[in-house]
Amino acid sequence: MQSLFEPLICTKRIDETSDATTFEFKKLDDAAFEYQAGQFLTFEVDVAGEVEHRAYSLSSTPSKPESVAVTIKRVVGGKVSNYLLDHLQAGMALPAMAPAGSFTIENNPVSADILLMSAGSGITPCMSMARWLLDTQQKVNIHFIYSARSEADIIMATTLKELDAQHANFRLSFILEQTDNSEFMEGRLNAENFTQLVNDVNGKTIFTCGPTPYMQVVENLAEQRGFNMDLFHKESFVAENETTTEQSDNGVSYQGIAPQHGKNFVINSDKPLLNALEAAGVPIIAACRTGVCGACKCKVTGQVESSSTATLTAEQIAQGYVLSCSSKAMSDLVIEL
Ligand SMILES: Cc1cc2nc3c(=O)[nH]c(=O)nc-3n(C[C@H](O)[C@H](O)[C@H](O)COP(=O)(O)OP(=O)(O)OC[C@H]3O[C@@H](n4cnc5c(N)ncnc54)[C@H](O)[C@@H]3O)c2cc1C
C-alpha cells in the first residue's frame with residue numbers, strides 16, 4: 001500500500017516571535033506542491049519514541065509551489081509544538097500527508113471584499129490566502145485584521161507590513177491588548193473597534209481563525225451587524241465539541257470489518273469508531289482526534305452517527321465517508337480507509 005506520508009525536508013526556520021516559528025519545506029525531488037490557500041498539512045512526529053500526528057495550516061502561497069511553510073506557535077505543555085520548536089532544524093526530514101482542508105477561497109462562497117480576521121496562530125491560513133490573492137492579482141479588496149497580546153507577539157509582522165506597503169488593495173489593522181503605540185488599536189476585538197474598522201459589513205466575506213473565544217466574538221459581531229452568514233467562514237484549531245472523545249464502557253457492541261487489512265473487531269457504540277480501528281491495528285491516521293482536521297476519514301458501509309463532517313465534501317459524504325474520531329456505530333460496519 002502506498003504510504004499516506006511523504007518526507008518533506010525542512011529548508012529554513014524563521015523565528016517570528018518568542019513563541020512562534022515558521023518552518024519552510026521542500027520535497028525530496030524538488031517537485032512542486034499542489035494545494036489551496038487555507039489548507040493544512042498533517043505531520044507525523046516521533047516524540048521520544050511515541051508517534052504523534054498534528055495538523056498545521058500552510059502559511060505560504062500556492063502560487064510559489066516549489067516550497068511550503070507552516071508557522072507553529074508553542075502551546076504551553078503541548079507535546080508536539082514544543083518538540084518541533086525545540087528540535088526541528090534545516091536539513092531534517094518530517095513526514096507529512098498531502099495538503100487537505102476546506103477552509104479555502106475555492107471551497108466557499110466569496111465576494112470581492114474580503115475580511116481576514118485572525119488571532120494568535122490562527123494567522124496562518126489567513127496569511128496564505130492574503131499572499132495568494134495578492135500574488136495572483138485577484139480583483140479583490142482585502143482587510144487583514146490581526147489580534148495579538150502586544151507588538152512583540154505579532155506573527156509574520158514584517159511580511160504583513162510589506163504586503164501593506166506594496167498593495168493598494170490590502171489594508172492592515174492590528175488590535176493589541178497592550179500597546180503604547182497609537183499606530184495600533186488597543187484592547188480586544190469588540191463592537192466599538194469592529195465598527196471603527198469596518199463601517200459597512202454588507203457584501204463582505206469573512207474568513208476567521210484563532211482561539212475559540214476570539215472566533216465566537218467575531219461571529220457574534222458579524223451576526224449583530226446583520227452580516228450575511230453564508231459569507232462567514234471559520235477554521236478551528238481545537239475541538240469545539242469535546243464530547244466526541246468521551247469514554248464510556250456502556251453501549252452496544254457491533255461487529256467491525258476492515259477487509260483491506262483483514263481485521264474483524266468489536267465496536268462499542270458509545271466510543272468513537274477511531275478507538276476500535278486503532279485497537280484493531282488498522283493503520284488509521286488521527287491528528288486532532290476532535291473532528292477538525294479530517295485526517296481520520298474512512299468509508300463506512302452501515303449506520304453511524306457523526307458529530308462532525310469537517311473537511312468532507314458533499315460527494316465524499318454521499319459515498320459514505322465519515323470522520324472516525326467523530327462517529328459512533330449504530331450497526332455492524334464495513335470500513336475502508
Ligand atoms: C486544521 C488545523 C490547523 C492547525 N494549524 C495550526 C497552525 O498553523 N499553527 C499552530 O501553531 N497550530 C495549528 N494547529 C494546532 C496544532 O495542530 C496542535 O494542536 C498544536 O500545535 C498543539 O499541539 P501540541 O502537541 O503541542 O499540544 P497537545 O499536547 O496536543 O495539547 C496540550 C494541551 O493544549 C491544548 N491545545 C491544543 N492545541 C491548542 C491550541 N492551538 N491553542 C491552545 N491550546 C491548545 C490541548 O487541549 C491540551 O490541553 C492546527 C490544528 C488544526 C486542527
# chains A, B, ... in the order shown; residues from 1 in each chain; ligands from 1

call {"tool": "select_by_dssp", "arguments": {"residues": "region 55-298 of chain A", "states": "strand (DSSP E or B)", "output": "NGL selection string"}}
result
:A and (55-58 or 68-73 or 93-96 or 100 or 113-119 or 141-148 or 170-176 or 185-186 or 204-209 or 232-235 or 253-258 or 263-268 or 297-298)

call {"tool": "closest_atom_pairs", "arguments": {"of": "chain A", "to": "ligand 1", "cutoff": "9 Å", "atoms": "only C-alpha atoms and all ligand atoms", "output": "JSON lines"}}
result
{"residue": "A:Ala20", "atom": "CA", "partner": "ligand 1", "partner_atom_place_in_ligand_line": "11 (O)", "distance": 7.3}
{"residue": "A:Thr21", "atom": "CA", "partner": "ligand 1", "partner_atom_place_in_ligand_line": "11 (O)", "distance": 8.6}
{"residue": "A:Gln39", "atom": "CA", "partner": "ligand 1", "partner_atom_place_in_ligand_line": "1 (C)", "distance": 7.6}
{"residue": "A:Phe40", "atom": "CA", "partner": "ligand 1", "partner_atom_place_in_ligand_line": "3 (C)", "distance": 5.8}
{"residue": "A:Leu41", "atom": "CA", "partner": "ligand 1", "partner_atom_place_in_ligand_line": "3 (C)", "distance": 7.8}
{"residue": "A:Thr42", "atom": "CA", "partner": "ligand 1", "partner_atom_place_in_ligand_line": "17 (O)", "distance": 8.0}
{"residue": "A:Phe43", "atom": "CA", "partner": "ligand 1", "partner_atom_place_in_ligand_line": "17 (O)", "distance": 9.0}
{"residue": "A:Glu52", "atom": "CA", "partner": "ligand 1", "partner_atom_place_in_ligand_line": "25 (O)", "distance": 7.8}
{"residue": "A:His53", "atom": "CA", "partner": "ligand 1", "partner_atom_place_in_ligand_line": "17 (O)", "distance": 8.0}
{"residue": "A:Arg54", "atom": "CA", "partner": "ligand 1", "partner_atom_place_in_ligand_line": "17 (O)", "distance": 4.4}
{"residue": "A:Ala55", "atom": "CA", "partner": "ligand 1", "partner_atom_place_in_ligand_line": "17 (O)", "distance": 4.1}
{"residue": "A:Tyr56", "atom": "CA", "partner": "ligand 1", "partner_atom_place_in_ligand_line": "5 (N)", "distance": 3.5}
{"residue": "A:Ser57", "atom": "CA", "partner": "ligand 1", "partner_atom_place_in_ligand_line": "8 (O)", "distance": 3.9}
{"residue": "A:Leu58", "atom": "CA", "partner": "ligand 1", "partner_atom_place_in_ligand_line": "8 (O)", "distance": 6.4}
{"residue": "A:Ser59", "atom": "CA", "partner": "ligand 1", "partner_atom_place_in_ligand_line": "8 (O)", "distance": 7.1}
{"residue": "A:Val70", "atom": "CA", "partner": "ligand 1", "partner_atom_place_in_ligand_line": "8 (O)", "distance": 6.0}
{"residue": "A:Thr71", "atom": "CA", "partner": "ligand 1", "partner_atom_place_in_ligand_line": "9 (N)", "distance": 5.3}
{"residue": "A:Ile72", "atom": "CA", "partner": "ligand 1", "partner_atom_place_in_ligand_line": "11 (O)", "distance": 3.5}
{"residue": "A:Lys73", "atom": "CA", "partner": "ligand 1", "partner_atom_place_in_ligand_line": "11 (O)", "distance": 3.8}
{"residue": "A:Arg74", "atom": "CA", "partner": "ligand 1", "partner_atom_place_in_ligand_line": "11 (O)", "distance": 6.4}
{"residue": "A:Val75", "atom": "CA", "partner": "ligand 1", "partner_atom_place_in_ligand_line": "26 (O)", "distance": 5.1}
{"residue": "A:Val76", "atom": "CA", "partner": "ligand 1", "partner_atom_place_in_ligand_line": "34 (O)", "distance": 6.5}
{"residue": "A:Gly77", "atom": "CA", "partner": "ligand 1", "partner_atom_place_in_ligand_line": "32 (C)", "distance": 5.5}
{"residue": "A:Gly78", "atom": "CA", "partner": "ligand 1", "partner_atom_place_in_ligand_line": "26 (O)", "distance": 3.1}
{"residue": "A:Lys79", "atom": "CA", "partner": "ligand 1", "partner_atom_place_in_ligand_line": "25 (O)", "distance": 3.9}
{"residue": "A:Val80", "atom": "CA", "partner": "ligand 1", "partner_atom_place_in_ligand_line": "25 (O)", "distance": 3.6}
{"residue": "A:Ser81", "atom": "CA", "partner": "ligand 1", "partner_atom_place_in_ligand_line": "26 (O)", "distance": 3.6}
{"residue": "A:Asn82", "atom": "CA", "partner": "ligand 1", "partner_atom_place_in_ligand_line": "26 (O)", "distance": 5.7}
{"residue": "A:Tyr83", "atom": "CA", "partner": "ligand 1", "partner_atom_place_in_ligand_line": "26 (O)", "distance": 7.6}
{"residue": "A:Leu84", "atom": "CA", "partner": "ligand 1", "partner_atom_place_in_ligand_line": "26 (O)", "distance": 8.6}
{"residue": "A:Ala100", "atom": "CA", "partner": "ligand 1", "partner_atom_place_in_ligand_line": "1 (C)", "distance": 8.6}
{"residue": "A:Gly101", "atom": "CA", "partner": "ligand 1", "partner_atom_place_in_ligand_line": "1 (C)", "distance": 7.0}
{"residue": "A:Phe103", "atom": "CA", "partner": "ligand 1", "partner_atom_place_in_ligand_line": "1 (C)", "distance": 8.8}
{"residue": "A:Gly120", "atom": "CA", "partner": "ligand 1", "partner_atom_place_in_ligand_line": "11 (O)", "distance": 8.3}
{"residue": "A:Ser121", "atom": "CA", "partner": "ligand 1", "partner_atom_place_in_ligand_line": "9 (N)", "distance": 4.9}
{"residue": "A:Gly122", "atom": "CA", "partner": "ligand 1", "partner_atom_place_in_ligand_line": "8 (O)", "distance": 6.3}
{"residue": "A:Ile123", "atom": "CA", "partner": "ligand 1", "partner_atom_place_in_ligand_line": "8 (O)", "distance": 7.4}
{"residue": "A:Thr124", "atom": "CA", "partner": "ligand 1", "partner_atom_place_in_ligand_line": "8 (O)", "distance": 5.0}
{"residue": "A:Pro125", "atom": "CA", "partner": "ligand 1", "partner_atom_place_in_ligand_line": "8 (O)", "distance": 6.9}
{"residue": "A:Gly210", "atom": "CA", "partner": "ligand 1", "partner_atom_place_in_ligand_line": "41 (N)", "distance": 8.1}
{"residue": "A:Pro211", "atom": "CA", "partner": "ligand 1", "partner_atom_place_in_ligand_line": "42 (N)", "distance": 6.5}
{"residue": "A:Thr212", "atom": "CA", "partner": "ligand 1", "partner_atom_place_in_ligand_line": "42 (N)", "distance": 8.9}
{"residue": "A:Glu235", "atom": "CA", "partner": "ligand 1", "partner_atom_place_in_ligand_line": "1 (C)", "distance": 7.1}
{"residue": "A:Ser236", "atom": "CA", "partner": "ligand 1", "partner_atom_place_in_ligand_line": "53 (C)", "distance": 6.5}
{"residue": "A:Phe237", "atom": "CA", "partner": "ligand 1", "partner_atom_place_in_ligand_line": "51 (C)", "distance": 3.7}
{"residue": "A:Val238", "atom": "CA", "partner": "ligand 1", "partner_atom_place_in_ligand_line": "38 (N)", "distance": 5.6}
{"residue": "A:Ala239", "atom": "CA", "partner": "ligand 1", "partner_atom_place_in_ligand_line": "53 (C)", "distance": 7.8}
{"residue": "A:Ala287", "atom": "CA", "partner": "ligand 1", "partner_atom_place_in_ligand_line": "17 (O)", "distance": 7.2}
{"residue": "A:Cys288", "atom": "CA", "partner": "ligand 1", "partner_atom_place_in_ligand_line": "53 (C)", "distance": 5.3}
{"residue": "A:Arg289", "atom": "CA", "partner": "ligand 1", "partner_atom_place_in_ligand_line": "53 (C)", "distance": 8.7}
{"residue": "A:Thr290", "atom": "CA", "partner": "ligand 1", "partner_atom_place_in_ligand_line": "53 (C)", "distance": 8.1}
{"residue": "A:Gly291", "atom": "CA", "partner": "ligand 1", "partner_atom_place_in_ligand_line": "53 (C)", "distance": 8.1}
{"residue": "A:Val292", "atom": "CA", "partner": "ligand 1", "partner_atom_place_in_ligand_line": "53 (C)", "distance": 5.0}
{"residue": "A:Cys293", "atom": "CA", "partner": "ligand 1", "partner_atom_place_in_ligand_line": "1 (C)", "distance": 4.4}
{"residue": "A:Gly294", "atom": "CA", "partner": "ligand 1", "partner_atom_place_in_ligand_line": "1 (C)", "distance": 7.9}

call {"tool": "select_by_dssp", "arguments": {"residues": "region 17-264 of chain A", "states": "alpha helix (DSSP H)", "output": "PyMOL selection string"}}
result
chain A and resi 79-87+123-135+157-166+191-197+212-224

call {"tool": "closest_residue", "arguments": {"among": "A:Phe174, A:Tyr35, A:Phe207, A:Phe232", "to": "Asn193 (chain A)", "atoms": "only C-alpha atoms"}}
result
A:Phe174

call {"tool": "residues_around", "arguments": {"residues": "Ala279 (chain A)", "least_positions_apart": "6", "cutoff": "12 Å", "atoms": "only C-alpha atoms", "output": "compact mmCIF listing (two decimals) with N, CA and C atoms, in the first residue's frame"}}
result
# COMPACT_ATOMS: atom_id res chain seq x y z
N GLY A 256 -17.16 -4.97 13.54
CA GLY A 256 -16.49 -4.14 12.53
C GLY A 256 -15.61 -5.02 11.65
N LYS A 263 -9.06 -7.34 9.09
CA LYS A 263 -9.34 -7.20 10.53
C LYS A 263 -10.84 -7.33 10.81
N ASN A 264 -11.15 -8.11 11.83
CA ASN A 264 -12.51 -8.19 12.38
C ASN A 264 -12.42 -7.74 13.82
N PHE A 265 -13.31 -6.91 14.25
CA PHE A 265 -13.17 -6.38 15.61
C PHE A 265 -14.52 -5.94 16.15
N VAL A 266 -14.53 -5.65 17.45
CA VAL A 266 -15.76 -5.21 18.10
C VAL A 266 -15.74 -3.69 18.20
N ILE A 267 -16.90 -3.08 17.94
CA ILE A 267 -17.00 -1.62 18.06
C ILE A 267 -18.03 -1.31 19.16
N ASN A 268 -17.59 -0.56 20.15
CA ASN A 268 -18.52 -0.13 21.19
C ASN A 268 -19.26 1.12 20.70
N LYS A 271 -18.29 4.68 21.96
CA LYS A 271 -16.95 5.25 21.78
C LYS A 271 -16.71 5.60 20.31
N PRO A 272 -15.82 6.56 20.06
CA PRO A 272 -15.56 6.89 18.66
C PRO A 272 -15.06 5.66 17.89
N LEU A 273 -15.49 5.57 16.66
CA LEU A 273 -15.07 4.49 15.77
C LEU A 273 -13.54 4.39 15.70

call {"tool": "residues_around", "arguments": {"residues": "Thr158 (chain A)", "least_positions_apart": "3", "cutoff": "12 Å", "atoms": "only C-alpha atoms", "output": "short mmCIF file (atom, residue, chain, number, x, y, z; two decimals) with N, CA and C atoms, in the first residue's frame"}}
result
data_model
loop_
_atom_site.label_atom_id
_atom_site.label_comp_id
_atom_site.auth_asym_id
_atom_site.auth_seq_id
_atom_site.Cartn_x
_atom_site.Cartn_y
_atom_site.Cartn_z
N ILE A 14 12.41 30.30 10.64
CA ILE A 14 12.41 31.75 10.87
C ILE A 14 11.68 31.99 12.19
N ASP A 15 12.39 32.51 13.17
CA ASP A 15 11.73 32.80 14.44
C ASP A 15 10.92 34.07 14.29
N GLU A 16 9.59 33.95 14.40
CA GLU A 16 8.69 35.08 14.17
C GLU A 16 8.50 35.90 15.44
N THR A 17 8.29 35.21 16.56
CA THR A 17 8.13 35.85 17.87
C THR A 17 8.84 34.95 18.86
N GLU A 151 2.81 44.14 20.51
CA GLU A 151 3.52 44.26 19.23
C GLU A 151 4.51 43.11 19.05
N ALA A 152 5.15 42.71 20.15
CA ALA A 152 6.15 41.64 20.07
C ALA A 152 5.51 40.29 19.73
N ILE A 154 3.15 39.86 17.40
CA ILE A 154 2.59 39.83 16.03
C ILE A 154 3.41 38.84 15.20
N ILE A 155 2.76 37.80 14.75
CA ILE A 155 3.45 36.77 13.96
C ILE A 155 3.52 37.26 12.50
N LYS A 161 3.58 43.91 6.96
CA LYS A 161 3.86 45.33 6.66
C LYS A 161 4.31 45.50 5.20
N GLU A 162 5.04 44.52 4.69
CA GLU A 162 5.46 44.57 3.28
C GLU A 162 4.23 44.50 2.36
N LEU A 163 3.32 43.58 2.67
CA LEU A 163 2.11 43.45 1.84
C LEU A 163 1.34 44.76 1.86
N ASP A 164 1.28 45.37 3.04
CA ASP A 164 0.56 46.63 3.21
C ASP A 164 1.19 47.73 2.35
N ALA A 165 2.54 47.76 2.34
CA ALA A 165 3.24 48.81 1.60
C ALA A 165 3.14 48.58 0.09
N LEU A 172 -4.24 46.84 6.42
CA LEU A 172 -3.78 46.09 7.59
C LEU A 172 -4.19 46.79 8.88
#

call {"tool": "residues_around", "arguments": {"residues": "region 184-191 of chain A", "least_positions_apart": "3", "cutoff": "6 Å", "atoms": "only C-alpha atoms", "output": "ChimeraX atom specification"}}
result
/A:174-177,181,194

call {"tool": "atom_distance", "arguments": {"atom1": "CA of Cys209 (chain A)", "atom2": "CA of Ala286 (chain A)"}}
result
21.4 Å

call {"tool": "closest_residue", "arguments": {"among": "A:Val282, A:Arg225, A:Val334, A:Ala148", "to": "Val304 (chain A)", "atoms": "only C-alpha atoms"}}
result
A:Val334

call {"tool": "closest_residue", "arguments": {"among": "A:Glu24, A:Arg131, A:Ser18, A:Asn202", "to": "Ser150 (chain A)", "atoms": "only C-alpha atoms"}}
result
A:Ser18

call {"tool": "closest_residue", "arguments": {"among": "A:Gly262, A:Pro7, A:Gly302, A:Pro65", "to": "Gly320 (chain A)", "atoms": "only C-alpha atoms"}}
result
A:Gly302
